[in-house]
file entry.pdb (PDB, C-alpha atoms)
ATOM      1  CA  MET S1287       0.000   0.000   0.000
ATOM      2  CA  THR S1288       1.584   3.253  -1.148
ATOM      3  CA  SER S1289       1.165   6.382   0.930
ATOM      4  CA  HIS S1290       2.687   9.844   0.731
ATOM      5  CA  HIS S1291       5.608  10.663   2.990
ATOM      6  CA  GLU S1292       7.534  13.888   3.436
ATOM      7  CA  LEU S1293      11.280  13.562   2.968
ATOM      8  CA  THR S1294      13.776  16.381   3.277
ATOM      9  CA  VAL S1295      16.749  15.697   1.043
ATOM     10  CA  ASN S1296      19.601  18.137   0.471
ATOM     11  CA  GLY S1297      17.548  20.942   1.974
ATOM     12  CA  GLU S1298      14.504  20.384  -0.253
ATOM     13  CA  THR S1299      11.258  18.885   1.032
ATOM     14  CA  TYR S1300       9.435  16.335  -1.126
ATOM     15  CA  GLN S1301       6.069  14.599  -0.830
ATOM     16  CA  LEU S1302       6.712  11.116  -2.189
ATOM     17  CA  PRO S1303       4.357   8.230  -2.799
ATOM     18  CA  VAL S1304       6.323   5.511  -1.026
ATOM     19  CA  ASP S1305       5.527   1.877  -0.456
ATOM     20  CA  PRO S1306       6.390   1.070   3.183
ATOM     21  CA  ARG S1307       8.932  -1.512   1.952
ATOM     22  CA  THR S1308      10.876   0.972  -0.199
ATOM     23  CA  THR S1309      14.431   1.531   0.965
ATOM     24  CA  LEU S1310      15.896   4.995   1.178
ATOM     25  CA  VAL S1311      18.409   4.240  -1.591
ATOM     26  CA  ASP S1312      15.581   3.239  -3.945
ATOM     27  CA  ALA S1313      13.536   6.353  -3.115
ATOM     28  CA  LEU S1314      16.584   8.573  -3.668
ATOM     29  CA  ARG S1315      17.565   6.964  -6.953
ATOM     30  CA  GLU S1316      14.229   6.000  -8.492
ATOM     31  CA  GLN S1317      11.861   8.682  -7.253
ATOM     32  CA  LEU S1318      14.131  11.699  -6.812
ATOM     33  CA  GLY S1319      16.645  10.908  -9.545
ATOM     34  CA  LEU S1320      19.585  11.332  -7.161
ATOM     35  CA  THR S1321      21.748   8.628  -8.680
ATOM     36  CA  GLY S1322      24.986   9.690  -6.993
ATOM     37  CA  THR S1323      24.081   7.354  -4.129
ATOM     38  CA  LYS S1324      25.060   3.930  -5.449
ATOM     39  CA  LYS S1325      23.242   0.661  -4.917
ATOM     40  CA  GLY S1326      25.963  -1.929  -4.470
ATOM     41  CA  CYS S1327      25.345  -5.022  -2.396
ATOM     42  CA  ASP S1328      21.829  -4.072  -1.211
ATOM     43  CA  ARG S1329      22.692  -5.846   2.073
ATOM     44  CA  GLY S1330      24.544  -3.199   4.072
ATOM     45  CA  GLU S1331      27.969  -4.704   3.468
ATOM     46  CA  CYS S1332      29.727  -2.421   0.989
ATOM     47  CA  GLY S1333      28.955   1.188   1.989
ATOM     48  CA  ALA S1334      28.356   2.410  -1.583
ATOM     49  CA  CYS S1335      24.926   3.699  -0.517
ATOM     50  CA  THR S1336      26.187   5.779   2.443
ATOM     51  CA  VAL S1337      24.273   9.017   3.009
ATOM     52  CA  LEU S1338      24.023  11.320   6.004
ATOM     53  CA  VAL S1339      20.814  11.352   8.033
ATOM     54  CA  ASP S1340      20.816  14.198  10.524
ATOM     55  CA  GLY S1341      24.593  14.313  10.068
ATOM     56  CA  ARG S1342      25.164  10.636  10.855
ATOM     57  CA  ARG S1343      26.234   8.114   8.240
ATOM     58  CA  VAL S1344      23.588   5.623   7.276
ATOM     59  CA  LEU S1345      23.574   2.737   4.823
ATOM     60  CA  SER S1346      20.576   3.802   2.774
ATOM     61  CA  CYS S1347      19.964   0.268   1.489
ATOM     62  CA  MET S1348      19.248  -0.772   5.088
ATOM     63  CA  MET S1349      16.922   2.125   5.977
ATOM     64  CA  LEU S1350      13.321   2.313   4.915
ATOM     65  CA  ALA S1351      12.396   5.569   3.220
ATOM     66  CA  VAL S1352       9.490   6.067   5.646
ATOM     67  CA  ALA S1353      12.007   6.005   8.530
ATOM     68  CA  ALA S1354      13.669   9.081   7.028
ATOM     69  CA  GLU S1355      10.601  11.241   7.661
ATOM     70  CA  ASN S1356      11.312  14.162  10.007
ATOM     71  CA  THR S1357      15.052  13.938   9.291
ATOM     72  CA  GLU S1358      17.496  15.775   7.027
ATOM     73  CA  VAL S1359      19.016  13.461   4.421
ATOM     74  CA  THR S1360      22.191  14.600   2.675
ATOM     75  CA  THR S1361      23.417  12.811  -0.434
ATOM     76  CA  ILE S1362      26.611  13.311  -2.422
ATOM     77  CA  GLU S1363      24.695  15.817  -4.585
ATOM     78  CA  GLY S1364      23.929  17.860  -1.473
ATOM     79  CA  LEU S1365      27.578  18.327  -0.521
ATOM     80  CA  SER S1366      28.130  20.881  -3.261
ATOM     81  CA  PRO S1367      24.815  22.597  -3.992
ATOM     82  CA  ASP S1368      26.526  25.660  -5.471
ATOM     83  CA  GLY S1369      28.693  23.601  -7.813
ATOM     84  CA  GLU S1370      31.872  24.047  -5.777
ATOM     85  CA  MET S1371      33.458  20.826  -4.589
ATOM     86  CA  HIS S1372      33.250  20.075  -0.879
ATOM     87  CA  PRO S1373      36.702  20.004   0.825
ATOM     88  CA  VAL S1374      36.497  16.194   1.069
ATOM     89  CA  GLN S1375      35.726  15.931  -2.633
ATOM     90  CA  ARG S1376      38.690  18.211  -3.409
ATOM     91  CA  ALA S1377      40.955  16.051  -1.225
ATOM     92  CA  PHE S1378      39.750  12.863  -2.954
ATOM     93  CA  HIS S1379      40.501  14.463  -6.320
ATOM     94  CA  ALA S1380      43.919  15.765  -5.244
ATOM     95  CA  ASN S1381      44.939  12.362  -3.832
ATOM     96  CA  ASP S1382      43.537  10.213  -6.667
ATOM     97  CA  ALA S1383      41.387   8.489  -4.040
ATOM     98  CA  PHE S1384      39.262   6.716  -6.602
ATOM     99  CA  GLN S1385      39.747   4.396  -9.510
ATOM    100  CA  CYS S1386      36.499   3.181 -11.064
ATOM    101  CA  GLY S1387      34.500   5.666  -8.991
ATOM    102  CA  PHE S1388      31.635   3.371  -8.018
ATOM    103  CA  CYS S1389      32.375   3.506  -4.285
ATOM    104  CA  THR S1390      33.475   7.153  -4.299
ATOM    105  CA  PRO S1391      30.156   8.790  -3.320
ATOM    106  CA  GLY S1392      29.790   6.461  -0.329
ATOM    107  CA  GLN S1393      33.444   6.875   0.594
ATOM    108  CA  VAL S1394      33.132  10.673   0.459
ATOM    109  CA  MET S1395      29.953  10.708   2.562
ATOM    110  CA  SER S1396      31.554   8.399   5.110
ATOM    111  CA  ALA S1397      34.690  10.559   5.151
ATOM    112  CA  VAL S1398      32.615  13.692   5.820
ATOM    113  CA  ALA S1399      31.058  11.938   8.822
ATOM    114  CA  CYS S1400      34.390  10.487   9.963
ATOM    115  CA  ILE S1401      35.894  13.981  10.069
ATOM    116  CA  ALA S1402      32.836  15.471  11.796
ATOM    117  CA  GLU S1403      32.937  12.674  14.392
ATOM    118  CA  GLY S1404      36.593  13.428  15.116
ATOM    119  CA  HIS S1405      37.969  10.040  14.066
ATOM    120  CA  THR S1406      40.981  11.290  12.111
ATOM    121  CA  GLY S1407      43.721  11.239  14.733
ATOM    122  CA  SER S1408      45.807   8.686  12.846
ATOM    123  CA  ALA S1409      45.818   6.589   9.700
ATOM    124  CA  GLU S1410      44.833   3.568  11.785
ATOM    125  CA  GLU S1411      41.865   5.415  13.265
ATOM    126  CA  ILE S1412      40.729   6.543   9.816
ATOM    127  CA  LYS S1413      41.012   2.982   8.502
ATOM    128  CA  GLU S1414      38.935   1.682  11.400
ATOM    129  CA  TRP S1415      36.178   4.284  11.049
ATOM    130  CA  MET S1416      36.090   4.000   7.236
ATOM    131  CA  SER S1417      36.118   0.193   7.287
ATOM    132  CA  GLY S1418      32.416  -0.048   6.425
ATOM    133  CA  ASN S1419      33.155   1.223   2.926
ATOM    134  CA  ILE S1420      34.644  -1.242   0.473
ATOM    135  CA  CYS S1421      36.770  -0.167  -2.498
ATOM    136  CA  ARG S1422      37.108  -3.023  -4.975
ATOM    137  CA  CYS S1423      39.948  -1.153  -6.728
ATOM    138  CA  ALA S1424      41.978  -1.007  -3.492
ATOM    139  CA  ALA S1425      42.493   2.758  -3.415
ATOM    140  CA  TYR S1426      42.668   2.603   0.380
ATOM    141  CA  PRO S1427      46.038   4.386   0.816
ATOM    142  CA  GLN S1428      44.796   7.281  -1.299
ATOM    143  CA  ILE S1429      41.463   7.363   0.560
ATOM    144  CA  VAL S1430      43.257   7.565   3.921
ATOM    145  CA  ALA S1431      45.490  10.328   2.531
ATOM    146  CA  ALA S1432      42.437  12.235   1.295
ATOM    147  CA  VAL S1433      40.629  11.947   4.639
ATOM    148  CA  THR S1434      43.781  13.051   6.449
ATOM    149  CA  GLU S1435      44.189  16.052   4.131
ATOM    150  CA  ALA S1436      40.526  17.076   4.385
ATOM    151  CA  SER S1437      40.558  16.777   8.167
ATOM    152  CA  VAL S1438      43.166  19.529   8.531
ATOM    153  CA  GLN S1439      41.467  21.998   6.185
TER     154      GLN S1439
END
call {"tool": "encode", "arguments": {"input": "entry.pdb", "output": "structure tokens"}}
result
Amino acid sequence: MTSHHELTVNGETYQLPVDPRTTLVDALREQLGLTGTKKGCDRGECGACTVLVDGRRVLSCMMLAVAAENTEVTTIEGLSPDGEMHPVQRAFHANDAFQCGFCTPGQVMSAVACIAEGHTGSAEEIKEWMSGNICRCAAYPQIVAAVTEASVQ
């Protein structure tokens, strides 16, 4: 049974007809056209679908869209609404912290949260707090360098 739910995404409020079983990643991609959030494993194992919900990282494939009501969802598109790259995006670019790019949006969103949470005291700490995001191309050293660089900006 589909019903309308109010979702606030990247500062914009939407009334969406959402089936109660629809995941947040599917609502973002299929109903709002925000395809920067990737659908990888669809089981909460890879981190490609990471978004921020009220500033906290969430695996959007594991969250129902209806559970995002009365929250602020930020996707990769919302990090640079004026077209200027976010400092984390600039650091990823400067450090070649991507290869194929599939995991990059989730990695960037997780890195934004990692920095905000204060988990950037060392490379080991960054690795631990970013461990929920898998990079199949093994760009991990560059990702850690990018998070380190962005954390001091």
call {"tool": "residues_near_point", "arguments": {"input": "entry.pdb", "point": "(46.2, 4.9, -4.0)", "cutoff": "8 Å", "atoms": "only C-alpha atoms", "output": "list in words"}}
result
Asn1381, Asp1382, Ala1383, Phe1384, Ala1424, Ala1425, Tyr1426, Pro1427, Gln1428 and Ile1429 of chain S
call {"tool": "atom_distance", "arguments": {"input": "entry.pdb", "atom1": "atom CA of S:Gly1407", "atom2": "atom CA of S:Thr1434"}}
result
8.5 Å
call {"tool": "resolve_selection", "arguments": {"input": "entry.pdb", "expression": "the PyMOL selection byres ((chain S and resi 1321-1331) around 12)", "output": "PyMOL selection string"}}
result
chain S and resi 1309-1320+1332-1338+1344-1349+1359-1365+1387-1396+1417-1422
call {"tool": "atom_distance", "arguments": {"input": "entry.pdb", "atom1": "atom CA of S:Glu1414", "atom2": "atom CA of S:Leu1350"}}
result
26.4 Å
call {"tool": "closest_residue", "arguments": {"input": "entry.pdb", "among": "S:Glu1358, S:Val1304, S:Val1374, S:Cys1386", "to": "S:Val1438", "atoms": "all atoms listed in the file"}}
result
S:Val1374
call {"tool": "resolve_selection", "arguments": {"input": "entry.pdb", "expression": "the PyMOL selection byres ((chain S and resi 1433) around 8)", "output": "PyMOL selection string"}}
result
chain S and resi 1374+1377-1378+1397+1401+1406+1412+1429-1432+1434-1437
call {"tool": "atom_distance", "arguments": {"input": "entry.pdb", "atom1": "atom CA of S:Leu1293", "atom2": "atom CA of S:Asp1340"}}
result
12.2 Å
call {"tool": "closest_residue", "arguments": {"input": "entry.pdb", "among": "S:Glu1355, S:Asn1296, S:Gln1301, S:Trp1415", "to": "S:Ala1399", "atoms": "all atoms listed in the file"}}
result
S:Trp1415
call {"tool": "resolve_selection", "arguments": {"input": "entry.pdb", "expression": "the PyMOL selection byres ((chain S and resi 1302) around 7)", "output": "list of chain:residue names"}}
result
S:His1290, S:His1291, S:Glu1292, S:Tyr1300, S:Gln1301, S:Pro1303, S:Val1304
call {"tool": "axis_aligned_box", "arguments": {"input": "entry.pdb", "around": "stretch 1417-1429 of chain S", "padding_each_side": "4 Å", "output": "JSON"}}
result
{"center_x": 39.2, "center_y": 2.2, "center_z": 0.3, "size_x": 21.6, "size_y": 18.4, "size_z": 22.0}
call {"tool": "decode", "arguments": {"input": "entry.pdb", "residues": "stretch 1295-1339 of chain S", "atoms": "N, CA and C atoms", "output": "CSV table (one decimal), in the first residue's frame"}}
result
chain,number,residue,atom,x,y,z
S,1295,VAL,N,15.5,16.2,1.6
S,1295,VAL,CA,16.7,15.7,1.0
S,1295,VAL,C,17.5,16.9,0.5
S,1296,ASN,N,18.7,17.0,0.9
S,1296,ASN,CA,19.6,18.1,0.5
S,1296,ASN,C,18.9,19.5,0.6
S,1297,GLY,N,18.2,19.7,1.7
S,1297,GLY,CA,17.5,20.9,2.0
S,1297,GLY,C,16.2,21.2,1.3
S,1298,GLU,N,15.8,20.3,0.4
S,1298,GLU,CA,14.5,20.4,-0.3
S,1298,GLU,C,13.5,19.4,0.3
S,1299,THR,N,12.3,19.8,0.5
S,1299,THR,CA,11.3,18.9,1.0
S,1299,THR,C,10.4,18.3,-0.1
S,1300,TYR,N,10.2,17.0,-0.1
S,1300,TYR,CA,9.4,16.3,-1.1
S,1300,TYR,C,8.3,15.5,-0.5
S,1301,GLN,N,7.2,15.5,-1.2
S,1301,GLN,CA,6.1,14.6,-0.8
S,1301,GLN,C,6.2,13.4,-1.8
S,1302,LEU,N,6.5,12.3,-1.3
S,1302,LEU,CA,6.7,11.1,-2.2
S,1302,LEU,C,5.7,10.0,-1.9
S,1303,PRO,N,5.2,9.4,-3.0
S,1303,PRO,CA,4.4,8.2,-2.8
S,1303,PRO,C,5.3,7.1,-2.6
S,1304,VAL,N,5.3,6.5,-1.4
S,1304,VAL,CA,6.3,5.5,-1.0
S,1304,VAL,C,5.6,4.3,-0.5
S,1305,ASP,N,6.0,3.1,-1.0
S,1305,ASP,CA,5.5,1.9,-0.5
S,1305,ASP,C,6.3,1.7,0.8
S,1306,PRO,N,5.7,1.2,1.9
S,1306,PRO,CA,6.4,1.1,3.2
S,1306,PRO,C,7.6,0.2,3.1
S,1307,ARG,N,7.8,-0.6,2.1
S,1307,ARG,CA,8.9,-1.5,2.0
S,1307,ARG,C,10.1,-0.9,1.2
S,1308,THR,N,9.9,0.3,0.6
S,1308,THR,CA,10.9,1.0,-0.2
S,1308,THR,C,12.0,1.4,0.7
S,1309,THR,N,13.2,1.1,0.2
S,1309,THR,CA,14.4,1.5,1.0
S,1309,THR,C,14.7,3.0,0.6
S,1310,LEU,N,15.5,3.6,1.4
S,1310,LEU,CA,15.9,5.0,1.2
S,1310,LEU,C,16.7,5.1,-0.1
S,1311,VAL,N,17.6,4.2,-0.4
S,1311,VAL,CA,18.4,4.2,-1.6
S,1311,VAL,C,17.5,4.2,-2.8
S,1312,ASP,N,16.5,3.3,-2.8
S,1312,ASP,CA,15.6,3.2,-3.9
S,1312,ASP,C,14.8,4.5,-4.1
S,1313,ALA,N,14.3,5.1,-3.0
S,1313,ALA,CA,13.5,6.4,-3.1
S,1313,ALA,C,14.4,7.5,-3.7
S,1314,LEU,N,15.7,7.5,-3.2
S,1314,LEU,CA,16.6,8.6,-3.7
S,1314,LEU,C,16.9,8.4,-5.2
S,1315,ARG,N,17.2,7.2,-5.6
S,1315,ARG,CA,17.6,7.0,-7.0
S,1315,ARG,C,16.4,7.0,-7.9
S,1316,GLU,N,15.3,6.2,-7.6
S,1316,GLU,CA,14.2,6.0,-8.5
S,1316,GLU,C,13.2,7.1,-8.5
S,1317,GLN,N,12.9,7.7,-7.3
S,1317,GLN,CA,11.9,8.7,-7.3
S,1317,GLN,C,12.4,10.1,-7.3
S,1318,LEU,N,13.6,10.3,-6.8
S,1318,LEU,CA,14.1,11.7,-6.8
S,1318,LEU,C,15.2,11.9,-7.9
S,1319,GLY,N,15.6,10.8,-8.5
S,1319,GLY,CA,16.6,10.9,-9.5
S,1319,GLY,C,18.0,11.3,-9.0
S,1320,LEU,N,18.3,11.1,-7.7
S,1320,LEU,CA,19.6,11.3,-7.2
S,1320,LEU,C,20.4,10.1,-7.3
S,1321,THR,N,21.0,9.9,-8.4
S,1321,THR,CA,21.7,8.6,-8.7
S,1321,THR,C,23.2,8.6,-8.2
S,1322,GLY,N,23.6,9.7,-7.6
S,1322,GLY,CA,25.0,9.7,-7.0
S,1322,GLY,C,25.1,8.6,-5.9
S,1323,THR,N,24.1,8.4,-5.1
S,1323,THR,CA,24.1,7.4,-4.1
S,1323,THR,C,24.0,6.0,-4.9
S,1324,LYS,N,25.0,5.2,-4.7
S,1324,LYS,CA,25.1,3.9,-5.4
S,1324,LYS,C,24.4,2.8,-4.7
S,1325,LYS,N,23.8,1.9,-5.5
S,1325,LYS,CA,23.2,0.7,-4.9
S,1325,LYS,C,24.2,-0.5,-5.3
S,1326,GLY,N,24.9,-0.9,-4.2
S,1326,GLY,CA,26.0,-1.9,-4.5
S,1326,GLY,C,25.5,-3.3,-4.1
S,1327,CYS,N,25.7,-3.7,-2.9
S,1327,CYS,CA,25.3,-5.0,-2.4
S,1327,CYS,C,23.9,-5.2,-2.0
S,1328,ASP,N,23.2,-4.1,-1.7
S,1328,ASP,CA,21.8,-4.1,-1.2
S,1328,ASP,C,21.6,-4.9,0.1
S,1329,ARG,N,22.7,-5.1,0.8
S,1329,ARG,CA,22.7,-5.8,2.1
S,1329,ARG,C,23.4,-5.2,3.2
S,1330,GLY,N,23.9,-3.9,3.0
S,1330,GLY,CA,24.5,-3.2,4.1
S,1330,GLY,C,26.0,-3.6,4.3
S,1331,GLU,N,26.6,-4.2,3.3
S,1331,GLU,CA,28.0,-4.7,3.5
S,1331,GLU,C,29.0,-3.9,2.8
S,1332,CYS,N,28.7,-3.1,1.8
S,1332,CYS,CA,29.7,-2.4,1.0
S,1332,CYS,C,29.9,-0.9,1.3
S,1333,GLY,N,28.9,-0.2,1.7
S,1333,GLY,CA,29.0,1.2,2.0
S,1333,GLY,C,28.8,2.1,0.8
S,1334,ALA,N,28.5,1.6,-0.4
S,1334,ALA,CA,28.4,2.4,-1.6
S,1334,ALA,C,27.1,3.3,-1.5
S,1335,CYS,N,26.2,2.9,-0.7
S,1335,CYS,CA,24.9,3.7,-0.5
S,1335,CYS,C,24.9,4.7,0.7
S,1336,THR,N,26.1,4.9,1.3
S,1336,THR,CA,26.2,5.8,2.4
S,1336,THR,C,25.7,7.2,2.2
S,1337,VAL,N,24.8,7.6,3.0
S,1337,VAL,CA,24.3,9.0,3.0
S,1337,VAL,C,24.3,9.5,4.5
S,1338,LEU,N,24.1,10.8,4.7
S,1338,LEU,CA,24.0,11.3,6.0
S,1338,LEU,C,22.6,11.6,6.4
S,1339,VAL,N,22.2,11.1,7.5
S,1339,VAL,CA,20.8,11.4,8.0
S,1339,VAL,C,21.0,12.1,9.4
